[in-house]
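J.: Input query30.pdb, format and content: PDB, C-alpha atoms.
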```pdb
ATOM      1  CA  MET A  81      30.452 -31.536 -11.869
ATOM      2  CA  ALA A  82      29.608 -29.434 -14.928
ATOM      3  CA  ARG A  83      32.205 -26.936 -16.081
ATOM      4  CA  GLY A  84      29.830 -23.922 -15.670
ATOM      5  CA  SER A  85      28.917 -24.714 -12.086
ATOM      6  CA  GLN A  86      32.598 -25.284 -11.155
ATOM      7  CA  GLN A  87      33.441 -21.828 -12.489
ATOM      8  CA  GLN A  88      30.554 -20.334 -10.524
ATOM      9  CA  ASP A  89      31.713 -22.068  -7.312
ATOM     10  CA  ASP A  90      35.245 -20.695  -7.796
ATOM     11  CA  LEU A  91      34.073 -17.115  -8.383
ATOM     12  CA  LEU A  92      34.653 -14.576  -5.645
ATOM     13  CA  MET A  93      32.849 -11.271  -5.814
ATOM     14  CA  GLY A  94      33.938  -7.724  -4.857
ATOM     15  CA  ASP A  95      34.311  -7.655  -1.083
ATOM     16  CA  ASP A  96      35.041 -11.420  -0.954
ATOM     17  CA  ILE A  97      38.159 -10.863  -3.071
ATOM     18  CA  THR A  98      39.232  -7.901  -0.939
ATOM     19  CA  ALA A  99      38.699  -9.857   2.283
ATOM     20  CA  ALA A 100      40.673 -12.817   0.922
ATOM     21  CA  PHE A 101      43.796 -10.686   0.447
ATOM     22  CA  LEU A 102      43.624  -8.286   3.391
ATOM     23  CA  SER A 103      44.472  -8.932   6.996
ATOM     24  CA  GLU A 104      41.699  -8.561   9.553
ATOM     25  CA  ASP A 105      42.706  -4.974  10.482
ATOM     26  CA  GLU A 106      42.792  -3.910   6.818
ATOM     27  CA  ALA A 107      39.379  -5.369   5.870
ATOM     28  CA  PRO A 108      36.654  -2.811   5.135
ATOM     29  CA  ALA A 109      34.270  -1.939   7.961
ATOM     30  CA  PRO A 110      30.855  -3.644   7.710
ATOM     31  CA  GLU A 111      29.134  -0.366   6.796
ATOM     32  CA  GLU A 112      31.583   0.113   3.889
ATOM     33  CA  SER A 113      30.838  -3.349   2.518
ATOM     34  CA  GLY A 114      27.072  -2.907   2.697
ATOM     35  CA  VAL A 115      26.666  -5.212   5.707
ATOM     36  CA  THR A 116      25.202  -3.508   8.740
ATOM     37  CA  GLU A 117      24.578  -4.626  12.259
ATOM     38  CA  PRO A 118      21.017  -4.532  13.611
ATOM     39  CA  THR A 119      20.218  -1.256  15.314
ATOM     40  CA  PRO A 120      18.234  -0.837  18.508
ATOM     41  CA  ALA A 121      15.341   0.481  16.372
ATOM     42  CA  ASP A 122      15.238  -2.867  14.516
ATOM     43  CA  GLU A 123      14.796  -4.693  17.805
ATOM     44  CA  HIS A 124      11.830  -2.523  18.817
ATOM     45  CA  TRP A 125       9.749  -2.609  15.627
ATOM     46  CA  ASP A 126       6.526  -2.753  17.617
ATOM     47  CA  GLU A 127       7.252   0.577  19.360
ATOM     48  CA  GLN A 128       7.221   2.681  16.172
ATOM     49  CA  GLU A 129       4.761   5.513  15.653
ATOM     50  CA  PRO A 130       1.451   4.392  14.105
ATOM     51  CA  VAL A 131       0.973   5.332  10.465
ATOM     52  CA  ALA A 132      -2.475   5.787   8.924
ATOM     53  CA  GLY A 133      -3.355   2.763   6.826
ATOM     54  CA  GLN A 134      -4.074   2.995   3.150
ATOM     55  CA  LEU A 135      -7.242   1.313   1.941
ATOM     56  CA  ALA A 136      -6.705  -1.145  -0.924
ATOM     57  CA  VAL A 137      -9.216  -0.616  -3.726
ATOM     58  CA  ASP A 138     -10.278  -1.937  -7.115
ATOM     59  CA  VAL A 139     -11.299   0.664  -9.705
ATOM     60  CA  TYR A 140     -12.996  -0.455 -12.915
ATOM     61  CA  GLU A 141     -15.636   0.627 -15.394
ATOM     62  CA  THR A 142     -18.641  -0.837 -17.096
ATOM     63  CA  LYS A 143     -20.320   0.652 -20.137
ATOM     64  CA  GLU A 144     -22.372   3.055 -17.997
ATOM     65  CA  LYS A 145     -20.576   3.291 -14.622
ATOM     66  CA  LEU A 146     -17.248   3.735 -12.861
ATOM     67  CA  ILE A 147     -16.944   1.443  -9.820
ATOM     68  CA  VAL A 148     -14.618   1.731  -6.799
ATOM     69  CA  LYS A 149     -14.559  -1.183  -4.339
ATOM     70  CA  GLY A 150     -12.652  -1.471  -1.084
ATOM     71  CA  ARG A 151     -12.607  -3.990   1.764
ATOM     72  CA  VAL A 152     -13.650  -2.281   4.977
ATOM     73  CA  ALA A 153     -14.608  -5.338   7.040
ATOM     74  CA  GLY A 154     -15.198  -4.448  10.662
ATOM     75  CA  VAL A 155     -16.047  -0.804   9.970
ATOM     76  CA  ASN A 156     -19.517   0.480  10.815
ATOM     77  CA  LYS A 157     -21.080   2.523   7.994
ATOM     78  CA  ASN A 158     -21.442   5.437  10.449
ATOM     79  CA  ASP A 159     -17.641   5.394  10.860
ATOM     80  CA  LEU A 160     -17.028   5.813   7.116
ATOM     81  CA  ASP A 161     -16.514   9.195   5.479
ATOM     82  CA  VAL A 162     -16.930   9.072   1.690
ATOM     83  CA  SER A 163     -16.603  12.336  -0.240
ATOM     84  CA  ILE A 164     -15.828  13.677  -3.704
ATOM     85  CA  SER A 165     -14.225  16.956  -4.692
ATOM     86  CA  ASP A 166     -12.642  18.039  -7.984
ATOM     87  CA  ASN A 167     -12.958  14.519  -9.470
ATOM     88  CA  THR A 168     -11.148  12.997  -6.457
ATOM     89  CA  LEU A 169     -12.855  10.350  -4.308
ATOM     90  CA  THR A 170     -11.774  10.190  -0.659
ATOM     91  CA  ILE A 171     -12.656   7.321   1.676
ATOM     92  CA  LYS A 172     -11.763   7.584   5.382
ATOM     93  CA  GLY A 173     -12.604   5.442   8.368
ATOM     94  CA  THR A 174     -11.400   3.758  11.546
ATOM     95  CA  LEU A 175     -10.875   0.063  12.249
ATOM     96  CA  SER A 176     -11.468  -0.599  15.952
ATOM     97  CA  ALA A 177      -9.784  -3.586  17.514
ATOM     98  CA  GLY A 178     -11.886  -3.313  20.622
ATOM     99  CA  THR A 179     -10.202  -3.774  23.961
ATOM    100  CA  GLU A 180      -8.337  -6.980  24.624
ATOM    101  CA  GLU A 181      -8.370  -7.600  28.356
ATOM    102  CA  ASN A 182      -5.632  -9.389  30.276
ATOM    103  CA  VAL A 183      -3.190  -9.520  27.340
ATOM    104  CA  GLU A 184       0.326  -9.997  28.676
ATOM    105  CA  ASN A 185       2.203 -10.361  25.393
ATOM    106  CA  TYR A 186       1.460 -10.452  21.673
ATOM    107  CA  PHE A 187       3.358 -13.099  19.733
ATOM    108  CA  LEU A 188       2.189 -11.808  16.367
ATOM    109  CA  GLN A 189       0.184  -8.700  15.542
ATOM    110  CA  GLU A 190      -0.376  -8.255  11.801
ATOM    111  CA  CYS A 191      -3.851  -6.773  11.662
ATOM    112  CA  TYR A 192      -3.980  -3.040  11.125
ATOM    113  CA  TRP A 193      -6.165  -1.203  13.635
ATOM    114  CA  GLY A 194      -6.741   2.507  13.491
ATOM    115  CA  GLU A 195      -7.467   5.206  10.959
ATOM    116  CA  PHE A 196      -7.255   4.578   7.231
ATOM    117  CA  SER A 197      -7.664   6.839   4.247
ATOM    118  CA  ARG A 198      -7.507   6.695   0.465
ATOM    119  CA  SER A 199      -7.882   9.407  -2.160
ATOM    120  CA  ILE A 200      -8.260   8.423  -5.793
ATOM    121  CA  VAL A 201      -8.301  10.744  -8.795
ATOM    122  CA  LEU A 202     -11.063   9.268 -10.912
ATOM    123  CA  PRO A 203      -9.788   8.125 -14.333
ATOM    124  CA  VAL A 204     -12.906   9.153 -16.279
ATOM    125  CA  PRO A 205     -15.374  12.060 -15.969
ATOM    126  CA  VAL A 206     -18.351  11.223 -13.734
ATOM    127  CA  LYS A 207     -21.614  12.860 -12.775
ATOM    128  CA  GLU A 208     -20.904  13.918  -9.199
ATOM    129  CA  GLU A 209     -24.633  14.210  -8.472
ATOM    130  CA  GLU A 210     -25.223  10.533  -9.426
ATOM    131  CA  ILE A 211     -23.190   8.566  -6.876
ATOM    132  CA  GLU A 212     -24.220   5.535  -4.876
ATOM    133  CA  ALA A 213     -22.227   4.114  -1.939
ATOM    134  CA  VAL A 214     -23.195   0.706  -0.537
ATOM    135  CA  LEU A 215     -21.601  -1.224   2.339
ATOM    136  CA  LYS A 216     -22.384  -4.938   2.150
ATOM    137  CA  ASP A 217     -20.534  -7.892   3.689
ATOM    138  CA  GLY A 218     -17.505  -5.740   4.554
ATOM    139  CA  VAL A 219     -17.103  -4.360   1.024
ATOM    140  CA  LEU A 220     -17.717  -0.690   0.228
ATOM    141  CA  THR A 221     -18.857  -0.183  -3.372
ATOM    142  CA  VAL A 222     -19.029   3.349  -4.737
ATOM    143  CA  SER A 223     -20.689   3.628  -8.171
ATOM    144  CA  PHE A 224     -20.582   6.699 -10.390
ATOM    145  CA  ALA A 225     -22.589   7.422 -13.526
ATOM    146  CA  LYS A 226     -20.073   8.249 -16.273
ATOM    147  CA  VAL A 227     -20.360  11.426 -18.323
ATOM    148  CA  LYS A 228     -21.051  10.497 -21.916
ATOM    149  CA  GLN A 229     -18.563  12.115 -24.221
ATOM    150  CA  ASP A 230     -18.527  12.276 -27.973
ATOM    151  CA  THR A 231     -15.577  10.436 -29.412
ATOM    152  CA  VAL A 232     -14.656  13.381 -31.622
ATOM    153  CA  LYS A 233     -15.483  16.979 -30.869
ATOM    154  CA  LYS A 234     -15.118  19.427 -33.730
ATOM    155  CA  ILE A 235     -13.589  22.755 -32.695
ATOM    156  CA  GLU A 236     -14.320  25.816 -34.760
ATOM    157  CA  VAL A 237     -11.281  27.924 -35.548
ATOM    158  CA  LEU A 238     -11.928  31.668 -35.303
TER     159      LEU A 238
END
```
Can I see the file as structure tokens?
T.:
Amino acid sequence: MARGSQQQDDLLMGDDITAAFLSEDEAPAPEESGVTEPTPADEHWDEQEPVAGQLAVDVYETKEKLIVKGRVAGVNKNDLDVSISDNTLTIKGTLSAGTEENVENYFLQECYWGEFSRSIVLPVPVKEEEIEAVLKDGVLTVSFAKVKQDTVKKIEVL
């Protein structure tokens, strides 16, 4: 065995050292050592209050446009609310799971169903009157015409 790994095997850390020298009644309580027992809330994770989902998006620019894309598969375009105010884009919608009949027990439920929302402060100035939103193959693409800005603007001092 290499010398370094032997030293590592022999090392005891913090609470291990304390526990090695204390009797059982003197050992720190689990909450003092950072170890906690599962709580009843941990056992009932599926009974927690629903939280609105947050839409994952990609935001990028081309020479002429700012593009925001988000996956909204399963959402009807009539159930989407896309708006802009003060250079902030907001996308809201609802993912419907439908009704599952005769379900006795879920073994795994990872898909988010319900309301989702995302507000994004746009990183560059855009022309709010030149916006296009397209839903195709479960992907919402919102395109903005960028405001052309001079690289240097001379300011007259009065």
J.: Restricting the calculation to all atoms listed in the file: of A:Glu184, A:Asp217, A:Lys207, A:Leu135, which residue gets closest to A:Gln229?
T.: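 Under the stated criterion, the closest residue is A:Lys207.
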J.: Using all atoms listed in the file, pick whichever of A:Ser223, A:Asn185, A:Asn167, A:Thr174 has the shortest atom-to-atom distance to A:Gly133.
T.: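 Selected residue with least distance to A:Gly133: A:Thr174.
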J.: Grab the atom CA of A:Arg198 to atom CA of A:Arg151 distance for me, in Å with one decimal place.
T.: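 Atom CA of A:Arg198 sits 11.9 Å away from atom CA of A:Arg151.
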J.: Taking the file as shown, find all residues satisfying the PyMOL selection byres ((chain A and resi 173) around 12) and write them as a PyMOL selection string.
T.: chain A and resi 132-135+150-163+170-172+174-176+193-198+220
J.: Near A:Leu202, counting all atoms listed in the file, which residues have an atom at most 8 Å away, once you skip same-chain residues fewer than 3 positions from it, shown as a list in words?
T.: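 The neighbour list is Asn167, Thr168, Leu169 and Pro205 of chain A.
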J.: So that I can see what lies close to A:Glu144, please list as number ranges by chain the residues with an atom at most 7 Å from it, counting all atoms listed in the file and leaving out residues fewer than 2 positions away in the same chain.
T.: A: 142, 225-226
J.: Export, as a PDB file, in the coordinates of the input, the selected residues with C-alpha atoms.
T.:
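Wrote result-v9.pdb, looks like this:
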```pdb
ATOM      1  CA  THR A 142     -18.641  -0.837 -17.096  1.00  0.00           C
ATOM      2  CA  ALA A 225     -22.589   7.422 -13.526  1.00  0.00           C
ATOM      3  CA  LYS A 226     -20.073   8.249 -16.273  1.00  0.00           C
TER       4      LYS A 226
END
```
J.: Which value, in Å to one decimal, gives the distance between atom CA of A:Val148 and atom CA of A:Ser165?
T.: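 Separating atom CA of A:Val148 from atom CA of A:Ser165 is a distance of 15.4 Å.
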J.: So how many Å separate atom CA of A:Lys233 and atom CA of A:Val206, to one decimal?
T.: 18.3 Å
J.: From the options A:Asp166, A:Val237, A:Val214, A:Asp138, which residue's atoms come nearest to A:Val201, counting all atoms listed in the file?
T.: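 Closest to A:Val201, using all atoms listed in the file: A:Asp166.
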J.: Do you know which residues are at most 6 Å from A:Phe224 counting only C-alpha atoms, after dropping those on the same chain fewer than 3 positions away, and could you put them as JSON, numbers by chain?
T.: {"A": [145, 146, 211]}
